[in-house]
file protein_36.tsv (TSV, C-alpha atoms and all ligand atoms)
chain	number	residue	atom	x	y	z
A	1	MET	CA	-12.82	23.22	4.14
A	2	ALA	CA	-12.48	19.47	3.54
A	3	PRO	CA	-13.19	18.03	0.10
A	4	THR	CA	-16.12	15.58	-0.32
A	5	LEU	CA	-14.51	13.24	-2.88
A	6	ASN	CA	-17.29	10.65	-2.54
A	7	GLY	CA	-16.41	8.95	-5.85
A	8	GLU	CA	-12.88	8.42	-4.56
A	9	VAL	CA	-13.45	6.94	-1.09
A	10	ASP	CA	-14.50	3.54	0.24
A	11	ILE	CA	-15.33	3.00	3.91
A	12	VAL	CA	-14.14	-0.42	5.11
A	13	ILE	CA	-15.75	-1.97	8.21
A	14	PRO	CA	-14.84	-5.35	9.73
A	15	THR	CA	-17.57	-6.73	11.93
A	16	ILE	CA	-18.43	-9.58	14.23
A	17	ARG	CA	-21.19	-7.59	15.93
A	18	SER	CA	-23.89	-5.45	14.35
A	19	LEU	CA	-23.93	-2.49	12.04
A	20	ASN	CA	-26.37	-0.41	14.09
A	21	PHE	CA	-23.60	2.10	14.69
A	22	LEU	CA	-24.06	3.22	11.08
A	23	GLU	CA	-27.29	5.03	12.05
A	24	ASN	CA	-25.16	7.40	14.08
A	25	TRP	CA	-22.91	8.10	11.08
A	26	ARG	CA	-25.75	8.35	8.51
A	27	PRO	CA	-25.36	12.06	7.66
A	28	PHE	CA	-21.62	11.62	7.18
A	29	PHE	CA	-21.36	8.17	5.55
A	30	GLU	CA	-24.48	7.97	3.37
A	31	PRO	CA	-22.81	9.68	0.38
A	32	TYR	CA	-20.03	7.08	0.38
A	33	HIS	CA	-19.67	3.43	-0.57
A	34	LEU	CA	-19.18	0.90	2.24
A	35	ILE	CA	-17.21	-2.35	2.05
A	36	ILE	CA	-18.28	-4.56	4.94
A	37	ILE	CA	-16.23	-7.58	5.94
A	38	GLN	CA	-18.37	-9.93	7.97
A	39	ASP	CA	-16.07	-11.99	10.18
A	40	GLY	CA	-16.93	-15.25	11.95
A	41	ASP	CA	-19.90	-17.45	11.02
A	42	PRO	CA	-20.74	-16.78	7.35
A	43	THR	CA	-24.25	-18.17	7.73
A	44	LYS	CA	-25.19	-15.44	10.18
A	45	GLU	CA	-27.34	-12.82	8.50
A	46	ILE	CA	-26.10	-9.33	9.01
A	47	LYS	CA	-28.37	-6.30	8.59
A	48	VAL	CA	-27.13	-3.14	6.92
A	49	PRO	CA	-29.36	-0.17	7.77
A	50	GLU	CA	-31.53	1.04	4.85
A	51	GLY	CA	-30.17	3.58	2.44
A	52	PHE	CA	-26.45	2.81	2.56
A	53	ASP	CA	-24.59	1.91	-0.60
A	54	TYR	CA	-22.51	-1.17	0.21
A	55	GLU	CA	-20.94	-4.48	-0.74
A	56	LEU	CA	-20.62	-7.21	1.89
A	57	TYR	CA	-18.20	-10.11	2.01
A	58	ASN	CA	-18.25	-13.05	4.39
A	59	ARG	CA	-15.67	-15.83	4.72
A	60	ASN	CA	-17.23	-17.91	1.97
A	61	ASP	CA	-16.97	-14.96	-0.41
A	62	ILE	CA	-13.33	-14.39	0.52
A	63	ASN	CA	-12.51	-18.07	-0.07
A	64	ARG	CA	-14.37	-18.10	-3.38
A	65	ILE	CA	-12.80	-14.87	-4.67
A	66	LEU	CA	-9.21	-15.51	-3.58
A	67	GLY	CA	-9.07	-19.32	-3.86
A	68	PRO	CA	-5.81	-20.63	-2.31
A	69	LYS	CA	-4.63	-17.06	-1.70
A	70	ALA	CA	-7.47	-16.66	0.84
A	71	ASN	CA	-5.09	-18.00	3.47
A	72	CYS	CA	-3.46	-14.56	3.66
A	73	ILE	CA	-6.72	-13.09	4.99
A	74	SER	CA	-7.24	-13.58	8.73
A	75	PHE	CA	-10.32	-15.19	10.26
A	76	LYS	CA	-11.73	-14.21	13.66
A	77	ASP	CA	-9.64	-11.08	13.98
A	78	GLY	CA	-10.25	-7.49	12.87
A	79	ALA	CA	-7.31	-8.06	10.50
A	80	CYS	CA	-9.87	-9.42	8.01
A	81	ARG	CA	-10.56	-5.78	7.13
A	82	CYS	CA	-7.64	-5.68	4.69
A	83	PHE	CA	-9.67	-7.81	2.26
A	84	GLY	CA	-11.70	-4.62	1.76
A	85	PHE	CA	-8.54	-2.70	0.92
A	86	LEU	CA	-7.73	-5.32	-1.70
A	87	VAL	CA	-11.05	-5.26	-3.54
A	88	SER	CA	-11.57	-1.50	-3.38
A	89	LYS	CA	-10.92	0.46	-6.53
A	90	LYS	CA	-10.88	3.85	-4.85
A	91	LYS	CA	-8.04	6.25	-4.19
A	92	PHE	CA	-8.80	6.68	-0.47
A	93	ILE	CA	-9.86	4.22	2.23
A	94	TYR	CA	-11.40	5.11	5.56
A	95	THR	CA	-11.61	2.17	7.97
A	96	ILE	CA	-13.59	2.28	11.21
A	97	ASP	CA	-14.67	-0.24	13.87
A	98	ASP	CA	-18.30	-1.12	14.52
A	99	ASP	CA	-18.23	0.18	18.12
A	100	CYS	CA	-17.24	3.72	17.18
A	101	PHE	CA	-19.56	6.69	17.15
A	102	VAL	CA	-19.52	10.38	16.23
A	103	ALA	CA	-17.57	12.43	18.78
A	104	LYS	CA	-18.12	16.08	19.64
A	105	ASP	CA	-15.48	18.79	19.70
A	106	PRO	CA	-15.16	20.98	22.82
A	107	SER	CA	-17.76	23.41	21.40
A	108	GLY	CA	-20.29	20.55	21.26
A	109	LYS	CA	-20.21	20.27	17.45
A	110	GLU	CA	-20.34	16.79	15.92
A	111	ILE	CA	-17.06	15.87	14.24
A	112	ASP	CA	-17.18	14.74	10.62
A	113	ALA	CA	-14.23	12.37	11.01
A	114	LEU	CA	-14.08	11.32	7.37
A	115	ALA	CA	-14.02	14.92	6.11
A	116	LYS	CA	-11.11	15.71	8.43
A	117	HIS	CA	-9.20	12.61	7.27
A	118	LEU	CA	-9.68	13.70	3.67
A	119	GLU	CA	-8.38	17.14	4.55
A	120	ASN	CA	-5.33	15.52	6.17
A	121	LEU	CA	-4.75	13.25	3.18
A	122	THR	CA	-5.12	15.93	0.54
A	123	LYS	CA	-2.74	18.35	2.23
A	124	PRO	CA	1.02	17.71	2.43
A	125	SER	CA	3.01	16.34	5.36
A	126	THR	CA	6.29	17.56	6.85
A	127	PRO	CA	8.32	14.47	7.92
A	128	TYR	CA	11.80	16.03	7.54
A	129	TYR	CA	11.61	18.93	9.98
A	130	PHE	CA	9.15	19.46	12.83
A	131	ASN	CA	6.85	22.50	12.80
A	132	THR	CA	6.23	23.55	16.41
A	133	LEU	CA	2.80	24.93	15.47
A	134	TYR	CA	1.97	21.43	14.23
A	135	ASP	CA	0.18	21.22	10.85
A	136	PRO	CA	1.28	24.32	8.94
A	137	TYR	CA	-1.38	23.76	6.27
A	138	ARG	CA	-4.31	24.21	8.64
A	139	GLU	CA	-6.29	27.40	8.49
A	140	GLY	CA	-4.77	29.95	10.85
A	141	ALA	CA	-1.39	28.21	11.00
A	142	ASP	CA	1.84	28.39	9.03
A	143	PHE	CA	5.51	27.43	9.20
A	144	VAL	CA	7.24	29.04	12.15
A	145	ARG	CA	10.41	31.15	12.06
A	146	GLY	CA	13.45	28.99	11.33
A	147	TYR	CA	11.57	26.56	9.13
A	148	PRO	CA	13.59	26.05	5.92
A	149	PHE	CA	11.83	27.39	2.85
A	150	SER	CA	13.19	24.47	0.82
A	151	LEU	CA	10.99	22.09	2.87
A	152	ARG	CA	7.78	24.12	2.97
A	153	ALA	CA	6.19	22.36	0.00
A	154	GLY	CA	6.05	19.20	2.11
A	155	VAL	CA	5.49	15.68	0.73
A	156	PRO	CA	2.34	13.75	-0.25
A	157	THR	CA	0.40	12.38	2.71
A	158	ALA	CA	-0.24	8.64	2.61
A	159	VAL	CA	-1.76	7.92	6.05
A	160	SER	CA	-4.07	9.83	8.41
A	161	HIS	CA	-4.30	8.26	11.87
A	162	GLY	CA	-7.24	9.55	13.92
A	163	LEU	CA	-7.73	9.22	17.67
A	164	TRP	CA	-10.46	8.20	20.09
A	165	LEU	CA	-12.38	9.75	22.96
A	166	ASN	CA	-13.78	7.56	25.74
A	167	ILE	CA	-12.21	4.05	25.53
A	168	PRO	CA	-8.51	4.37	24.67
A	169	ASP	CA	-6.65	1.85	22.53
A	170	TYR	CA	-4.85	0.11	25.41
A	171	ASP	CA	-3.21	-3.30	25.37
A	172	ALA	CA	-4.67	-5.99	27.63
A	173	PRO	CA	-2.31	-5.54	30.63
A	174	THR	CA	-2.96	-1.79	30.71
A	175	GLN	CA	-6.70	-2.40	30.31
A	176	LEU	CA	-6.54	-4.84	33.23
A	177	VAL	CA	-4.86	-2.46	35.64
A	178	LYS	CA	-6.77	0.65	34.51
A	179	PRO	CA	-10.26	-0.58	33.67
A	180	LEU	CA	-11.86	2.78	34.41
A	181	ASP	CA	-9.54	4.93	32.32
A	182	ARG	CA	-11.39	7.09	29.83
A	183	ASN	CA	-9.84	9.51	27.40
A	184	THR	CA	-11.51	12.90	27.82
A	185	ARG	CA	-8.59	14.95	26.51
A	186	TYR	CA	-9.35	16.56	23.17
A	187	VAL	CA	-6.08	17.82	21.68
A	188	ASP	CA	-6.76	20.10	18.73
A	189	ALA	CA	-3.68	19.13	16.73
A	190	VAL	CA	-2.50	17.23	13.67
A	191	LEU	CA	1.18	16.23	13.59
A	192	THR	CA	3.35	14.67	10.93
A	193	ILE	CA	5.21	11.74	12.48
A	194	PRO	CA	8.89	12.47	11.75
A	195	LYS	CA	10.86	10.36	9.29
A	196	GLY	CA	12.61	7.52	11.13
A	197	THR	CA	10.07	7.41	13.97
A	198	LEU	CA	7.71	4.45	14.36
A	199	TYR	CA	4.31	4.64	16.06
A	200	PRO	CA	1.58	2.22	17.22
A	201	MET	CA	-1.00	2.55	14.46
A	202	CYS	CA	-4.58	1.73	15.46
A	203	ALA	CA	-7.09	0.83	12.75
A	204	MET	CA	-10.14	2.01	14.67
A	205	ASN	CA	-10.15	5.42	12.93
A	206	LEU	CA	-7.71	5.28	10.05
A	207	ALA	CA	-7.57	6.63	6.51
A	208	PHE	CA	-5.00	6.21	3.79
A	209	ASN	CA	-4.22	6.84	0.17
A	210	ARG	CA	-4.64	3.41	-1.37
A	211	GLU	CA	-2.78	4.34	-4.53
A	212	LEU	CA	0.32	5.42	-2.63
A	213	ILE	CA	0.49	2.89	0.22
A	214	GLY	CA	-2.36	0.36	-0.15
A	215	ALA	CA	-0.05	-2.52	-1.11
A	216	ALA	CA	1.77	-2.19	2.24
A	217	MET	CA	-1.43	-1.84	4.30
A	218	TYR	CA	-1.64	-5.58	4.95
A	219	PHE	CA	-2.91	-6.69	8.37
A	220	GLY	CA	-1.06	-10.02	8.52
A	221	ILE	CA	-2.23	-13.46	9.61
A	222	MET	CA	-3.84	-13.14	13.02
A	223	GLY	CA	-6.60	-14.77	15.02
A	224	ASP	CA	-7.94	-18.24	14.24
A	225	GLY	CA	-5.14	-20.80	13.87
A	226	GLN	CA	-2.38	-18.27	14.59
A	227	PRO	CA	-0.28	-17.70	17.73
A	228	LEU	CA	-1.03	-13.96	17.58
A	229	GLY	CA	-4.01	-11.61	17.47
A	230	ARG	CA	-4.64	-7.87	17.74
A	231	TYR	CA	-1.23	-6.98	16.29
A	232	ASP	CA	-2.76	-6.60	12.84
A	233	ASP	CA	-2.77	-2.82	12.80
A	234	MET	CA	0.55	-2.60	14.63
A	235	TRP	CA	2.22	-4.74	11.96
A	236	ALA	CA	0.62	-2.71	9.16
A	237	GLY	CA	1.61	0.52	10.90
A	238	TRP	CA	5.27	-0.45	11.20
A	239	CYS	CA	5.38	-1.71	7.61
A	240	THR	CA	3.65	1.34	6.13
A	241	LYS	CA	5.78	3.77	8.13
A	242	VAL	CA	9.09	2.36	6.91
A	243	VAL	CA	7.73	2.23	3.35
A	244	CYS	CA	6.47	5.84	3.58
A	245	ASP	CA	9.84	6.95	4.94
A	246	HIS	CA	11.61	5.22	2.06
A	247	LEU	CA	9.28	6.54	-0.67
A	248	GLY	CA	9.02	10.07	0.71
A	249	TYR	CA	5.39	10.03	1.88
A	250	GLY	CA	3.98	11.47	5.09
A	251	VAL	CA	2.02	9.98	8.00
A	252	LYS	CA	-0.14	12.24	10.18
A	253	THR	CA	-1.67	11.59	13.58
A	254	GLY	CA	-4.09	13.52	15.79
A	255	LEU	CA	-7.44	14.88	14.61
A	256	PRO	CA	-10.07	13.65	13.92
A	257	TYR	CA	-11.46	12.05	17.05
A	258	LEU	CA	-14.31	9.60	17.21
A	259	TRP	CA	-16.09	8.07	20.21
A	260	HIS	CA	-15.00	4.50	20.99
A	261	SER	CA	-17.82	2.98	23.01
A	262	LYS	CA	-16.88	-0.55	23.87
A	263	ALA	CA	-13.90	-1.98	25.70
A	264	SER	CA	-13.17	-5.45	24.39
A	265	ASN	CA	-12.62	-8.06	27.09
A	266	PRO	CA	-9.08	-7.66	28.53
A	267	PHE	CA	-8.75	-11.35	29.51
A	268	VAL	CA	-9.69	-12.48	26.00
A	269	ASN	CA	-7.39	-9.81	24.59
A	270	LEU	CA	-4.50	-10.96	26.80
A	271	LYS	CA	-4.72	-14.45	25.34
A	272	LYS	CA	-4.68	-13.04	21.81
A	273	GLU	CA	-1.88	-10.55	22.44
A	274	TYR	CA	0.28	-12.62	24.77
A	275	ASN	CA	3.04	-13.53	22.31
A	276	GLY	CA	2.98	-10.07	20.80
A	277	LEU	CA	3.85	-8.48	24.13
A	278	PHE	CA	7.17	-10.34	23.98
A	279	TRP	CA	7.65	-10.27	20.23
A	280	GLN	CA	7.14	-6.51	19.96
A	281	GLU	CA	10.50	-6.14	21.69
A	282	GLU	CA	12.02	-7.85	18.63
A	283	MET	CA	9.63	-6.60	15.97
A	284	ILE	CA	10.11	-2.89	16.68
A	285	PRO	CA	13.96	-2.98	16.65
A	286	PHE	CA	13.68	-4.96	13.41
A	287	PHE	CA	11.60	-2.20	11.78
A	288	GLN	CA	13.86	0.47	13.28
A	289	SER	CA	16.85	-1.06	11.52
A	290	VAL	CA	15.25	-1.93	8.17
A	291	ILE	CA	16.95	-0.37	5.16
A	292	LEU	CA	15.10	-0.63	1.88
A	293	PRO	CA	17.25	-0.57	-1.26
A	294	LYS	CA	17.03	2.33	-3.72
A	295	LYS	CA	15.77	0.00	-6.45
A	296	CYS	CA	12.45	-0.34	-4.54
A	297	THR	CA	10.43	2.52	-5.99
A	298	ASN	CA	6.83	1.64	-5.14
A	299	ALA	CA	4.89	0.14	-2.23
A	300	GLN	CA	4.72	-3.36	-3.76
A	301	GLU	CA	8.49	-3.59	-4.33
A	302	CYS	CA	9.19	-2.23	-0.84
A	303	TYR	CA	6.76	-4.69	0.69
A	304	LEU	CA	8.31	-7.74	-0.99
A	305	GLU	CA	11.73	-6.62	0.26
A	306	LEU	CA	10.27	-6.16	3.73
A	307	ALA	CA	8.85	-9.70	3.61
A	308	LYS	CA	12.29	-11.03	2.71
A	309	GLN	CA	14.00	-9.14	5.54
A	310	ALA	CA	11.27	-10.08	8.04
A	311	LYS	CA	11.80	-13.75	7.25
A	312	GLU	CA	15.58	-13.45	7.66
A	313	LYS	CA	15.53	-11.40	10.87
A	314	LEU	CA	12.31	-12.42	12.63
A	315	GLY	CA	12.10	-16.05	11.44
A	316	PRO	CA	14.67	-17.05	14.11
A	317	VAL	CA	12.46	-15.45	16.80
A	318	ASP	CA	9.57	-17.79	16.02
A	319	PRO	CA	8.47	-19.91	13.01
A	320	TYR	CA	5.28	-17.79	12.96
A	321	PHE	CA	7.26	-15.02	11.25
A	322	ASN	CA	8.20	-17.34	8.37
A	323	ASN	CA	4.50	-17.94	7.77
A	324	LEU	CA	3.74	-14.24	8.13
A	325	ALA	CA	6.46	-13.38	5.60
A	326	ASP	CA	5.01	-15.96	3.17
A	327	ALA	CA	1.55	-14.46	3.68
A	328	MET	CA	2.98	-11.01	2.89
A	329	VAL	CA	4.17	-12.35	-0.45
A	330	THR	CA	0.77	-13.95	-1.12
A	331	TRP	CA	-0.89	-10.62	-0.29
A	332	ILE	CA	1.24	-8.85	-2.91
A	333	GLU	CA	0.39	-11.53	-5.49
A	334	ALA	CA	-3.30	-10.95	-4.74
A	335	TRP	CA	-2.80	-7.18	-4.75
A	336	GLU	CA	-1.18	-7.31	-8.19
A	337	GLU	CA	-3.95	-9.52	-9.51
A	338	PHE	CA	-6.64	-7.12	-8.30
A	339	ASN	CA	-4.82	-3.91	-9.07
A	340	ALA	CA	-2.99	-4.56	-12.32
A	341	PRO	CA	-4.27	-1.79	-14.64
A	342	ALA	CA	-4.92	-4.22	-17.50
A	343	ASN	CA	-6.52	-6.85	-15.30
A	344	VAL	CA	-8.89	-5.10	-12.95
A	345	LYS	CA	-10.82	-7.98	-11.43
A	346	ASN	CA	-14.43	-7.51	-10.37
A	347	GLY	CA	-14.40	-8.52	-6.73
A	348	SER	CA	-18.12	-7.92	-6.14
A	349	ALA	CA	-19.77	-10.57	-4.00
A	401	LIG	O1	-12.64	-11.55	15.61
A	401	LIG	C1	-12.92	-10.37	15.37
A	401	LIG	C2	-12.87	-9.37	16.35
A	401	LIG	C3	-13.21	-8.09	16.01
A	401	LIG	N1	-13.62	-7.79	14.75
A	401	LIG	C4	-14.00	-6.41	14.42
A	401	LIG	O2	-12.83	-5.61	14.49
A	401	LIG	C5	-13.13	-4.34	15.03
A	401	LIG	C6	-12.31	-4.10	16.31
A	401	LIG	O3	-12.69	-5.01	17.29
A	401	LIG	P1	-12.91	-4.63	18.82
A	401	LIG	O4	-13.76	-3.43	18.93
A	401	LIG	O5	-13.36	-5.86	19.53
A	401	LIG	O6	-11.43	-4.39	19.31
A	401	LIG	P2	-10.78	-3.21	20.12
A	401	LIG	O7	-9.91	-3.83	21.10
A	401	LIG	O8	-11.72	-2.21	20.61
A	401	LIG	O9	-10.06	-2.54	18.88
A	401	LIG	C7	-8.70	-2.38	18.65
A	401	LIG	O10	-8.04	-3.61	18.47
A	401	LIG	C8	-7.45	-3.55	17.17
A	401	LIG	C9	-6.79	-4.78	16.86
A	401	LIG	O11	-7.53	-5.75	16.11
A	401	LIG	C10	-8.39	-2.80	16.38
A	401	LIG	O12	-8.04	-2.33	15.15
A	401	LIG	C11	-8.48	-1.70	17.34
A	401	LIG	O13	-9.41	-0.79	16.94
A	401	LIG	C12	-14.65	-4.34	15.28
A	401	LIG	O14	-15.28	-3.72	14.17
A	401	LIG	C13	-15.00	-5.81	15.38
A	401	LIG	O15	-16.33	-6.11	15.03
A	401	LIG	C14	-13.66	-8.76	13.77
A	401	LIG	O16	-14.01	-8.48	12.61
A	401	LIG	N2	-13.31	-10.03	14.11
A	402	MN	MN	-13.53	-1.56	19.98
call {"tool": "encode", "arguments": {"input": "protein_36.tsv", "output": "structure tokens"}}
result
Amino acid sequence: MAPTLNGEVDIVIPTIRSLNFLENWRPFFEPYHLIIIQDGDPTKEIKVPEGFDYELYNRNDINRILGPKANCISFKDGACRCFGFLVSKKKFIYTIDDDCFVAKDPSGKEIDALAKHLENLTKPSTPYYFNTLYDPYREGADFVRGYPFSLRAGVPTAVSHGLWLNIPDYDAPTQLVKPLDRNTRYVDAVLTIPKGTLYPMCAMNLAFNRELIGAAMYFGIMGDGQPLGRYDDMWAGWCTKVVCDHLGYGVKTGLPYLWHSKASNPFVNLKKEYNGLFWQEEMIPFFQSVILPKKCTNAQECYLELAKQAKEKLGPVDPYFNNLADAMVTWIEAWEEFNAPANVKNGSA
């Protein structure tokens, strides 16, 4: 059974809408602390349903707390959520969108998504050799015949990527041509993504070990004033995967599911994503060819090296990547300020 670990988990929610969805999660989220990032107009009053333990930050708070470094936190894009990762002091983060609800498994039972993520994160991963029965650490499963005993201890899990029933995480062109597509397929599986394989990470239903990989879970500069939006989680997913591969951590995908209720507007999304649809053809090969030096032994060091290589290799694609690489460095400066053991800053609003 999944551990509760409520003193060790923060739930981070970016929002431009309302937090009514929390009512649906009440039995599952009430024991935990919420960090809410209110995006858009900071003068708008946002209601948090009674009984939840939370801290809330709007743009004015972010500017006040980070000063000049606030320019590494996006405005008018879900990427703003990474401010919550920065100010958290917990070991684990679960981040979820405000249009996501509790899904049911095929037996009709409500899925406790956070509990399943914690189970994924507290059990090892197997990135070096694929187990054909998927997660060998699940009850009722094990390593299959031919699985080397030397690899059966696995490696620490840094990221748990959950999936979505109902509205799938499509890009704008796919949304435009398949507006009625709904995901009804519940696949009862958790897989470790093999070492050397990238994946499109979605932040709608995502958990990670902040101590292991938090410094690399930066969502970039997107949205207002930038030529790119909605690639926040993709960028963070590519960065964290290459860092996990280098440091020997695992990334899992599959269970748990949640119910994604609202399709964002595909025309608006197309405008935001437009450059990314071209640039991803350069970004992904870049990440596929990144080699991090042996001297990088933690997420911060890896991330600074990644920023350097991104500037060198992607800067010529578009000047945007020079700014993104600079923002990555600013993020690490902020991360070190907030997370230095001797200098733990109180980020409370
Ligand atoms: O300007 C904004 C826009 C949105 N948010 C908050 O971010 C999440 C996700 O937004 P939304 O539901 O509109 O987007 P989707 O297309 O369904 O989600 C996917 O796009 C990803 C890329 O950003 C995202 O991670 C995916 O899940 C909601 O909570 C919005 O309120 C925002 O803060 N600012
Ligand atoms: Mn959504």
call {"tool": "closest_atom_pairs", "arguments": {"input": "protein_36.tsv", "of": "chain A", "to": "ligand LIG 401 (chain A)", "cutoff": "9 Å", "atoms": "all atoms listed in the file", "output": "JSON lines"}}
result
{"residue": "A:Ile13", "atom": "CA", "partner": "A:LIG401", "partner_atom": "O14", "distance": 6.2}
{"residue": "A:Pro14", "atom": "CA", "partner": "A:LIG401", "partner_atom": "O16", "distance": 4.3}
{"residue": "A:Thr15", "atom": "CA", "partner": "A:LIG401", "partner_atom": "O15", "distance": 3.4}
{"residue": "A:Ile16", "atom": "CA", "partner": "A:LIG401", "partner_atom": "O15", "distance": 4.1}
{"residue": "A:Arg17", "atom": "CA", "partner": "A:LIG401", "partner_atom": "O15", "distance": 5.2}
{"residue": "A:Ser18", "atom": "CA", "partner": "A:LIG401", "partner_atom": "O15", "distance": 7.6}
{"residue": "A:Leu19", "atom": "CA", "partner": "A:LIG401", "partner_atom": "O15", "distance": 8.9}
{"residue": "A:Ile37", "atom": "CA", "partner": "A:LIG401", "partner_atom": "O16", "distance": 7.1}
{"residue": "A:Gln38", "atom": "CA", "partner": "A:LIG401", "partner_atom": "O16", "distance": 6.5}
{"residue": "A:Asp39", "atom": "CA", "partner": "A:LIG401", "partner_atom": "O16", "distance": 4.7}
{"residue": "A:Gly40", "atom": "CA", "partner": "A:LIG401", "partner_atom": "N2", "distance": 6.7}
{"residue": "A:Ser74", "atom": "CA", "partner": "A:LIG401", "partner_atom": "N2", "distance": 8.9}
{"residue": "A:Phe75", "atom": "CA", "partner": "A:LIG401", "partner_atom": "O1", "distance": 6.9}
{"residue": "A:Lys76", "atom": "CA", "partner": "A:LIG401", "partner_atom": "O1", "distance": 3.4}
{"residue": "A:Asp77", "atom": "CA", "partner": "A:LIG401", "partner_atom": "O1", "distance": 3.4}
{"residue": "A:Gly78", "atom": "CA", "partner": "A:LIG401", "partner_atom": "O2", "distance": 3.6}
{"residue": "A:Ala79", "atom": "CA", "partner": "A:LIG401", "partner_atom": "O11", "distance": 6.1}
{"residue": "A:Cys80", "atom": "CA", "partner": "A:LIG401", "partner_atom": "O16", "distance": 6.3}
{"residue": "A:Arg81", "atom": "CA", "partner": "A:LIG401", "partner_atom": "O16", "distance": 7.0}
{"residue": "A:Ile96", "atom": "CA", "partner": "A:LIG401", "partner_atom": "O14", "distance": 6.9}
{"residue": "A:Asp97", "atom": "CA", "partner": "A:LIG401", "partner_atom": "O14", "distance": 3.5}
{"residue": "A:Asp98", "atom": "CA", "partner": "A:LIG401", "partner_atom": "O14", "distance": 4.0}
{"residue": "A:Asp99", "atom": "CA", "partner": "A:LIG401", "partner_atom": "O4", "distance": 5.8}
{"residue": "A:Cys100", "atom": "CA", "partner": "A:LIG401", "partner_atom": "O4", "distance": 8.1}
{"residue": "A:Ile167", "atom": "CA", "partner": "A:LIG401", "partner_atom": "O8", "distance": 8.0}
{"residue": "A:Pro168", "atom": "CA", "partner": "A:LIG401", "partner_atom": "O8", "distance": 8.4}
{"residue": "A:Asp169", "atom": "CA", "partner": "A:LIG401", "partner_atom": "C7", "distance": 6.1}
{"residue": "A:Tyr170", "atom": "CA", "partner": "A:LIG401", "partner_atom": "O7", "distance": 7.7}
{"residue": "A:Asp171", "atom": "CA", "partner": "A:LIG401", "partner_atom": "O7", "distance": 8.0}
{"residue": "A:Ala172", "atom": "CA", "partner": "A:LIG401", "partner_atom": "O7", "distance": 8.6}
{"residue": "A:Met201", "atom": "CA", "partner": "A:LIG401", "partner_atom": "O12", "distance": 8.6}
{"residue": "A:Cys202", "atom": "CA", "partner": "A:LIG401", "partner_atom": "O12", "distance": 5.3}
{"residue": "A:Ala203", "atom": "CA", "partner": "A:LIG401", "partner_atom": "O12", "distance": 4.1}
{"residue": "A:Met204", "atom": "CA", "partner": "A:LIG401", "partner_atom": "O13", "distance": 3.7}
{"residue": "A:Asn205", "atom": "CA", "partner": "A:LIG401", "partner_atom": "O13", "distance": 7.4}
{"residue": "A:Met222", "atom": "CA", "partner": "A:LIG401", "partner_atom": "O11", "distance": 8.8}
{"residue": "A:Gly223", "atom": "CA", "partner": "A:LIG401", "partner_atom": "O1", "distance": 6.9}
{"residue": "A:Asp224", "atom": "CA", "partner": "A:LIG401", "partner_atom": "O1", "distance": 8.3}
{"residue": "A:Gly229", "atom": "CA", "partner": "A:LIG401", "partner_atom": "O11", "distance": 7.0}
{"residue": "A:Arg230", "atom": "CA", "partner": "A:LIG401", "partner_atom": "C9", "distance": 3.9}
{"residue": "A:Tyr231", "atom": "CA", "partner": "A:LIG401", "partner_atom": "C9", "distance": 6.0}
{"residue": "A:Asp232", "atom": "CA", "partner": "A:LIG401", "partner_atom": "O11", "distance": 5.8}
{"residue": "A:Asp233", "atom": "CA", "partner": "A:LIG401", "partner_atom": "O12", "distance": 5.8}
{"residue": "A:Met234", "atom": "CA", "partner": "A:LIG401", "partner_atom": "C9", "distance": 8.0}
{"residue": "A:His260", "atom": "CA", "partner": "A:LIG401", "partner_atom": "O8", "distance": 7.5}
{"residue": "A:Ser261", "atom": "CA", "partner": "A:LIG401", "partner_atom": "O8", "distance": 8.4}
{"residue": "A:Lys262", "atom": "CA", "partner": "A:LIG401", "partner_atom": "O8", "distance": 6.3}
{"residue": "A:Ala263", "atom": "CA", "partner": "A:LIG401", "partner_atom": "O8", "distance": 5.5}
{"residue": "A:Ser264", "atom": "CA", "partner": "A:LIG401", "partner_atom": "O5", "distance": 4.9}
{"residue": "A:Asn265", "atom": "CA", "partner": "A:LIG401", "partner_atom": "O7", "distance": 7.8}
{"residue": "A:Pro266", "atom": "CA", "partner": "A:LIG401", "partner_atom": "O7", "distance": 8.4}
{"residue": "A:Asn269", "atom": "CA", "partner": "A:LIG401", "partner_atom": "O7", "distance": 7.4}
call {"tool": "residues_around", "arguments": {"input": "protein_36.tsv", "residues": "region 334-342 of chain A", "least_positions_apart": "6", "cutoff": "12 Å", "atoms": "only C-alpha atoms", "output": "PyMOL selection string"}}
result
chain A and resi 62+65-73+82-91+210-211+213-218+299-301+303-304+327-328+348
call {"tool": "atom_distance", "arguments": {"input": "protein_36.tsv", "atom1": "CA of Thr122 (chain A)", "atom2": "CA of Gly7 (chain A)"}}
result
14.7 Å
call {"tool": "closest_residue", "arguments": {"input": "protein_36.tsv", "among": "A:Lys116, A:Arg26, A:His33, A:Lys104", "to": "Asn166 (chain A)", "atoms": "all atoms listed in the file"}}
result
A:Lys104
call {"tool": "residues_around", "arguments": {"input": "protein_36.tsv", "residues": "Tyr129 (chain A)", "least_positions_apart": "4", "cutoff": "9 Å", "atoms": "only C-alpha atoms", "output": "PyMOL selection string"}}
result
chain A and resi 147-148+151+194-195
